[in-house]
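Chemist: There's a structure below that I have some questions on.
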Amino acid sequence: MKGILRELQNFQPGDEPATLLVLDRSMEPVVPLMHEFTYQAMLQDVLRADGNKVKVRGRDQNGAMKDEEFELSEDDELYLQLRHEHIGVVKDRINELFQQFRKNNRMAGLKSKKAKDATSAQMKDAIKDLPQYKKTAASFYRHMSIAEACLSKFSDGLLDISELEQDLATGVTEAGVEVKRKEMQERLTTMMLSEDVRSMDKLRLVMTYIITQGGLKKDTRQKLLEKANFSIEQKAAIMNLFTLGVTLAASSRKSKAKAFTKEQIKLNKIHAESVPLALMRFVPRLKSVLENQLRDELDESAFPYIGPAPPPRKLASRGGGRSHRAARSSRIRKTLRASSEESKEEAPCGPRLIVFIAGGITYSEIRTIYELCKDHNADIVIGSTGTTKAELYVKHLGATRA
C-alpha cells in the first residue's frame with residue numbers, strides 16, 4: 001500500500017476524500033460458517049444457489065415431484081424488497097404485496113371478477129396491464145416457491161443446528177441466559193453422532209466451536225473427528241483454520257478460561273432479549289467496526305492509517321443535510337432506495353467509505369452494510385475477492401497449503 005501511495009504522489013483528493021478500509025477473513029473467520037436466516041442469505045446457503053440461479057423441488061399440478069430453476073435479478077423489484085427480510089416473515093410479506101398488486105393492477109382486478117361483469121373499457125385497460133401482470137405474477141410465484149423451499153429445511157433439523165451455532169457464537173441463549181461450555185460440548189457430541197445431521201453441518205459446528213471457544217483439546221478434537229467420519233479435505237479445512245489466526249488446541253489452562261468477557265456477555269444478553277426475530281442473536285463484527293469508523297471512533301492501533309488520517313467525518317442522522325454528491329451515491333444506496341417504497345432520493349452525508357474484504361464477504365455482511373447505509377445515511381461501497389458461503393469457504397480452507 002505504501003508503494004502505491006508513492007506512485008500516486010501527484011494525486012490530489014477532492015474536498016471529501018474517501019477512506020479505504022482493507023480487512024480480511026481473519027478478522028472474523030466464523031461468519032461464513034453461520035446459518036443466516038434472511039431471505040437472500042438463506043436461499044444461497046441451504047438451497048445451494050449457483051450464483052443467481054436456484055433450483056427448487058416441488059410438485060406439479062398432478063402431484064408429481066419436479067425441479068424448477070429460478071433466476072434472481074436486481075431488476076426484480078419484489079426480490080429487492082424481500083432479500084434482507086427474515087425468512088419467518090417473507091411468506092406473509094409476499095402475500096401482503098400480492099394483495100396490493102391485485103388491488104392496483106387492472107388485469108389482476110379483472111381476473112378477480114367474473115368476466116361477464118367487466119365492461120369493454122375495463123377489459124381494454126386490463127389488456128394494457130397484461131405484460132406487467134405476467135412479469136409480476138411470475139415473480140410472486142418464483143419467490144413464494146423459494147420461500148417455501150427455505151422453510152421446509154427447518155423440518156430437516158436446521159433449527160437445532162442453528163440454535164447451537166448461535167449459542168456458540170454469542171455465549172447466550174435466545175432467552176439471554178449464559179451458556180456453559182460443558183453443555184455445548186455435550187450438544188456438539190450429540191450432533192456428531194446423529195445420522196440425521198449432514199456431514200457439512202457437522203463440520204460447520206465443529207469449526208464454529210473451535211473458533212468461538214478458543215480451540216479444543218487435541219484428544220477431544222480427535223475423538224469428535226472420528227465420530228463425525230470427516231473426509232481428508234474436511235479435516236484439512238479444520239486444521240487450516242490456524243492460517244486465519246484461530247487457536248486449534250486449547251491448553252488445560254485455556255480450556256478453563258471464559259470464551260467471552262463479562263462485557264461481551266452483558267451486551268449479547270441485551271441484544272438476545274431485544275432482537276424480535278429468531279436465530280438472529282449473532283451480529284457480524286463488521287457492523288461494529290464500520291459503525292466505529294463512521295463515528296471516528298475506530299481503534300487506530302488495531303486499524304492504523306497508511307498515511308495521514310483524514311479530517312473528522314460529519315455524520316448526520318438519517319434525514320439530515322444534502323450534498324453535491326447526490327448523483328454519485330453508491331450502488332448499494334441505489335438498490336436500497338429501489339427496495340423501499342417509503343425511501344426518498346436522499347444524498348449520503350459525509351465522505352465515502354470504501355470497504356474491501358480479502359478472502360470473501362458473506363451475504364450477512366452485505367446485509368449489514370445495507371442496513372448501515374440506511375441507518376446512518378452513509379455512502380459505503382463494498383468490494384471483496386468474491387462472495388463466500390459455507391461450502392465454498394470450507395473448500396478453499398481444505399485446499400489451502402500452509
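Convention: chains lettered A, B, ... in C-alpha cells order; per-chain residue numbering from 1; ligands numbered from 1 as shown.
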Could you pull out the residues in segment 58-263 of chain A that DSSP calls strand (DSSP E or B) from the backbone, as a list in words?
Modeler: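 Secondary structure check on segment 58-263 of chain A, strand (DSSP E or B): Gly58, Arg59, Met65, Lys66, Asp67, Glu68, Glu69, Phe70, Glu71, His86, Val172, Glu178, Leu216 and Ala249 of chain A.
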Chemist: Do a neighbour search on segment 46-61 of chain A at 10 Å with only C-alpha atoms, toss out local chain neighbours closer than 3 positions, and write the hits as a VMD selection string.
Modeler: chain A and resid 35 to 37 40 to 43 64 to 74 142 145 to 151 153 158 387 389 to 391
Chemist: Restricting the calculation to only C-alpha atoms, which member of A:Glu365, A:Asp45, A:Glu291, A:Asp160 is positioned closest to Val31 of chain A?
Modeler: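 The shortest atom-to-atom distance to Val31 of chain A comes from A:Glu365.
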Chemist: Compare A:Pro131, A:Gly383, A:Gly359, A:Gly3 by their minimum atom-to-atom distance to His396 of chain A, counting only C-alpha atoms, and give me the closest one.
Modeler: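 For His396 of chain A, the nearest of the candidates is A:Gly359.
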Chemist: Considering only C-alpha atoms, return as a list in words whatever protein or nucleic-acid residues lie within 8 Å of Leu205 of chain A, sequence-local ones (same chain, fewer than 2 positions apart) excluded.
Modeler: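 The filter keeps Leu33, Ile161, Leu164, Glu165, Leu188, Asp201, Lys202, Leu203, Met207, Thr208 and Tyr209 of chain A.
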Chemist: Just C-alpha atoms for this one: save the residues we selected as a short mmCIF file (atom, residue, chain, number, x, y, z; two decimals), in the first residue's frame.
Modeler:
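And here's part-v3.cif as it stands now:
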```
data_model
loop_
_atom_site.label_atom_id
_atom_site.label_comp_id
_atom_site.auth_asym_id
_atom_site.auth_seq_id
_atom_site.Cartn_x
_atom_site.Cartn_y
_atom_site.Cartn_z
CA LEU A 33 -19.95 -20.91 8.83
CA ILE A 161 -28.19 -26.89 14.44
CA LEU A 164 -26.22 -24.38 18.81
CA GLU A 165 -24.40 -22.11 16.34
CA LEU A 188 -21.89 -30.87 19.88
CA ASP A 201 -23.39 -29.20 9.07
CA LYS A 202 -21.31 -31.29 11.49
CA LEU A 203 -18.18 -29.73 10.05
CA MET A 207 -15.26 -25.33 13.20
CA THR A 208 -17.61 -22.85 14.89
CA TYR A 209 -16.87 -24.40 18.27
#
```
Chemist: Excluding Lys269 of chain A and its own-chain neighbours fewer than 4 positions away, which residues fall within 10 Å of it when counting only C-alpha atoms? Please give them as a PyMOL selection string.
Modeler: chain A and resi 170-178+263-265+273-274+281
Chemist: Could you dump the residues just selected with N, CA, C and O atoms as an mmCIF file, in the first residue's frame?
Modeler:
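Printed below is part-v4.cif as written:
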```cif
data_model
loop_
_atom_site.group_PDB
_atom_site.id
_atom_site.type_symbol
_atom_site.label_atom_id
_atom_site.label_comp_id
_atom_site.auth_asym_id
_atom_site.auth_seq_id
_atom_site.Cartn_x
_atom_site.Cartn_y
_atom_site.Cartn_z
ATOM 1 N N THR A 170 -22.418 -16.457 20.474
ATOM 2 C CA THR A 170 -22.784 -15.323 21.333
ATOM 3 C C THR A 170 -22.565 -15.593 22.816
ATOM 4 O O THR A 170 -22.469 -14.653 23.610
ATOM 5 N N GLY A 171 -22.523 -16.871 23.203
ATOM 6 C CA GLY A 171 -22.345 -17.210 24.612
ATOM 7 C C GLY A 171 -23.615 -17.127 25.423
ATOM 8 O O GLY A 171 -23.594 -17.348 26.643
ATOM 9 N N VAL A 172 -24.761 -16.831 24.759
ATOM 10 C CA VAL A 172 -26.042 -16.742 25.468
ATOM 11 C C VAL A 172 -27.131 -17.403 24.644
ATOM 12 O O VAL A 172 -27.032 -17.522 23.424
ATOM 13 N N THR A 173 -28.177 -17.846 25.337
ATOM 14 C CA THR A 173 -29.317 -18.442 24.657
ATOM 15 C C THR A 173 -30.244 -17.348 24.139
ATOM 16 O O THR A 173 -30.037 -16.155 24.398
ATOM 17 N N GLU A 174 -31.297 -17.753 23.461
ATOM 18 C CA GLU A 174 -32.272 -16.792 22.948
ATOM 19 C C GLU A 174 -32.961 -16.034 24.078
ATOM 20 O O GLU A 174 -33.371 -14.888 23.901
ATOM 21 N N ALA A 175 -33.020 -16.656 25.256
ATOM 22 C CA ALA A 175 -33.632 -16.005 26.422
ATOM 23 C C ALA A 175 -32.645 -15.119 27.172
ATOM 24 O O ALA A 175 -32.996 -14.511 28.179
ATOM 25 N N GLY A 176 -31.398 -15.066 26.684
ATOM 26 C CA GLY A 176 -30.394 -14.225 27.323
ATOM 27 C C GLY A 176 -29.669 -14.885 28.478
ATOM 28 O O GLY A 176 -29.019 -14.213 29.277
ATOM 29 N N VAL A 177 -29.757 -16.214 28.570
ATOM 30 C CA VAL A 177 -29.090 -16.957 29.643
ATOM 31 C C VAL A 177 -27.703 -17.389 29.171
ATOM 32 O O VAL A 177 -27.551 -17.949 28.076
ATOM 33 N N GLU A 178 -26.697 -17.158 30.004
ATOM 34 C CA GLU A 178 -25.327 -17.534 29.627
ATOM 35 C C GLU A 178 -25.215 -19.061 29.551
ATOM 36 O O GLU A 178 -25.689 -19.783 30.426
ATOM 37 N N GLU A 263 -18.195 -8.196 29.765
ATOM 38 C CA GLU A 263 -18.812 -7.117 28.997
ATOM 39 C C GLU A 263 -19.473 -7.650 27.730
ATOM 40 O O GLU A 263 -20.587 -7.229 27.357
ATOM 41 N N GLN A 264 -18.803 -8.596 27.058
ATOM 42 C CA GLN A 264 -19.387 -9.189 25.853
ATOM 43 C C GLN A 264 -20.669 -9.942 26.176
ATOM 44 O O GLN A 264 -21.665 -9.837 25.449
ATOM 45 N N ILE A 265 -20.644 -10.714 27.257
ATOM 46 C CA ILE A 265 -21.836 -11.457 27.666
ATOM 47 C C ILE A 265 -22.980 -10.502 27.995
ATOM 48 O O ILE A 265 -24.131 -10.719 27.611
ATOM 49 N N GLU A 273 -32.221 -10.437 24.161
ATOM 50 C CA GLU A 273 -33.548 -10.150 24.719
ATOM 51 C C GLU A 273 -34.314 -9.112 23.908
ATOM 52 O O GLU A 273 -35.535 -9.029 23.999
ATOM 53 N N SER A 274 -33.585 -8.337 23.110
ATOM 54 C CA SER A 274 -34.246 -7.252 22.364
ATOM 55 C C SER A 274 -34.526 -7.594 20.906
ATOM 56 O O SER A 274 -35.432 -7.028 20.309
ATOM 57 N N ARG A 281 -29.405 -13.649 16.915
ATOM 58 C CA ARG A 281 -28.620 -13.077 18.014
ATOM 59 C C ARG A 281 -27.229 -12.669 17.560
ATOM 60 O O ARG A 281 -26.674 -11.679 18.014
#
```
Chemist: Figure out the distance between atom CA of Ala278 of chain A and atom CA of Leu82 of chain A, please, to one decimal in Å.
Modeler: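 Between atom CA of Leu82 of chain A and atom CA of Ala278 of chain A the gap works out to 17.2 Å.
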Chemist: Give me every alpha helix (DSSP H) residue in segment 38-95 of chain A, going by DSSP on the backbone, as a PyMOL selection string.
Modeler: chain A and resi 39-46+77-82+87-95
Chemist: Would you please work out which residue, of A:Leu168, A:Gln213, A:Thr220, A:Met144, is nearest to Thr189 of chain A when using only C-alpha atoms?
Modeler: A:Thr220
Chemist: From the set A:Pro348, A:Gly360, A:Gly245, A:Pro311, which residue has the shortest atom-to-atom contact distance to Ala378 of chain A, counting only C-alpha atoms?
Modeler: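 Of A:Pro348, A:Gly360, A:Gly245, A:Pro311, the one nearest Ala378 of chain A, counting only C-alpha atoms, is A:Pro348.
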Chemist: Report the distance between atom CA of Thr368 of chain A and atom CA of Gln293 of chain A in Å, rounded to one decimal place.
Modeler: 14.4 Å
Chemist: Go through A:Tyr370, A:Phe303, A:Phe154, A:Tyr363 and flag the residue nearest Leu20 of chain A, using only C-alpha atoms for the distances.
Modeler: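 Under the stated criterion, the closest residue is A:Phe303.
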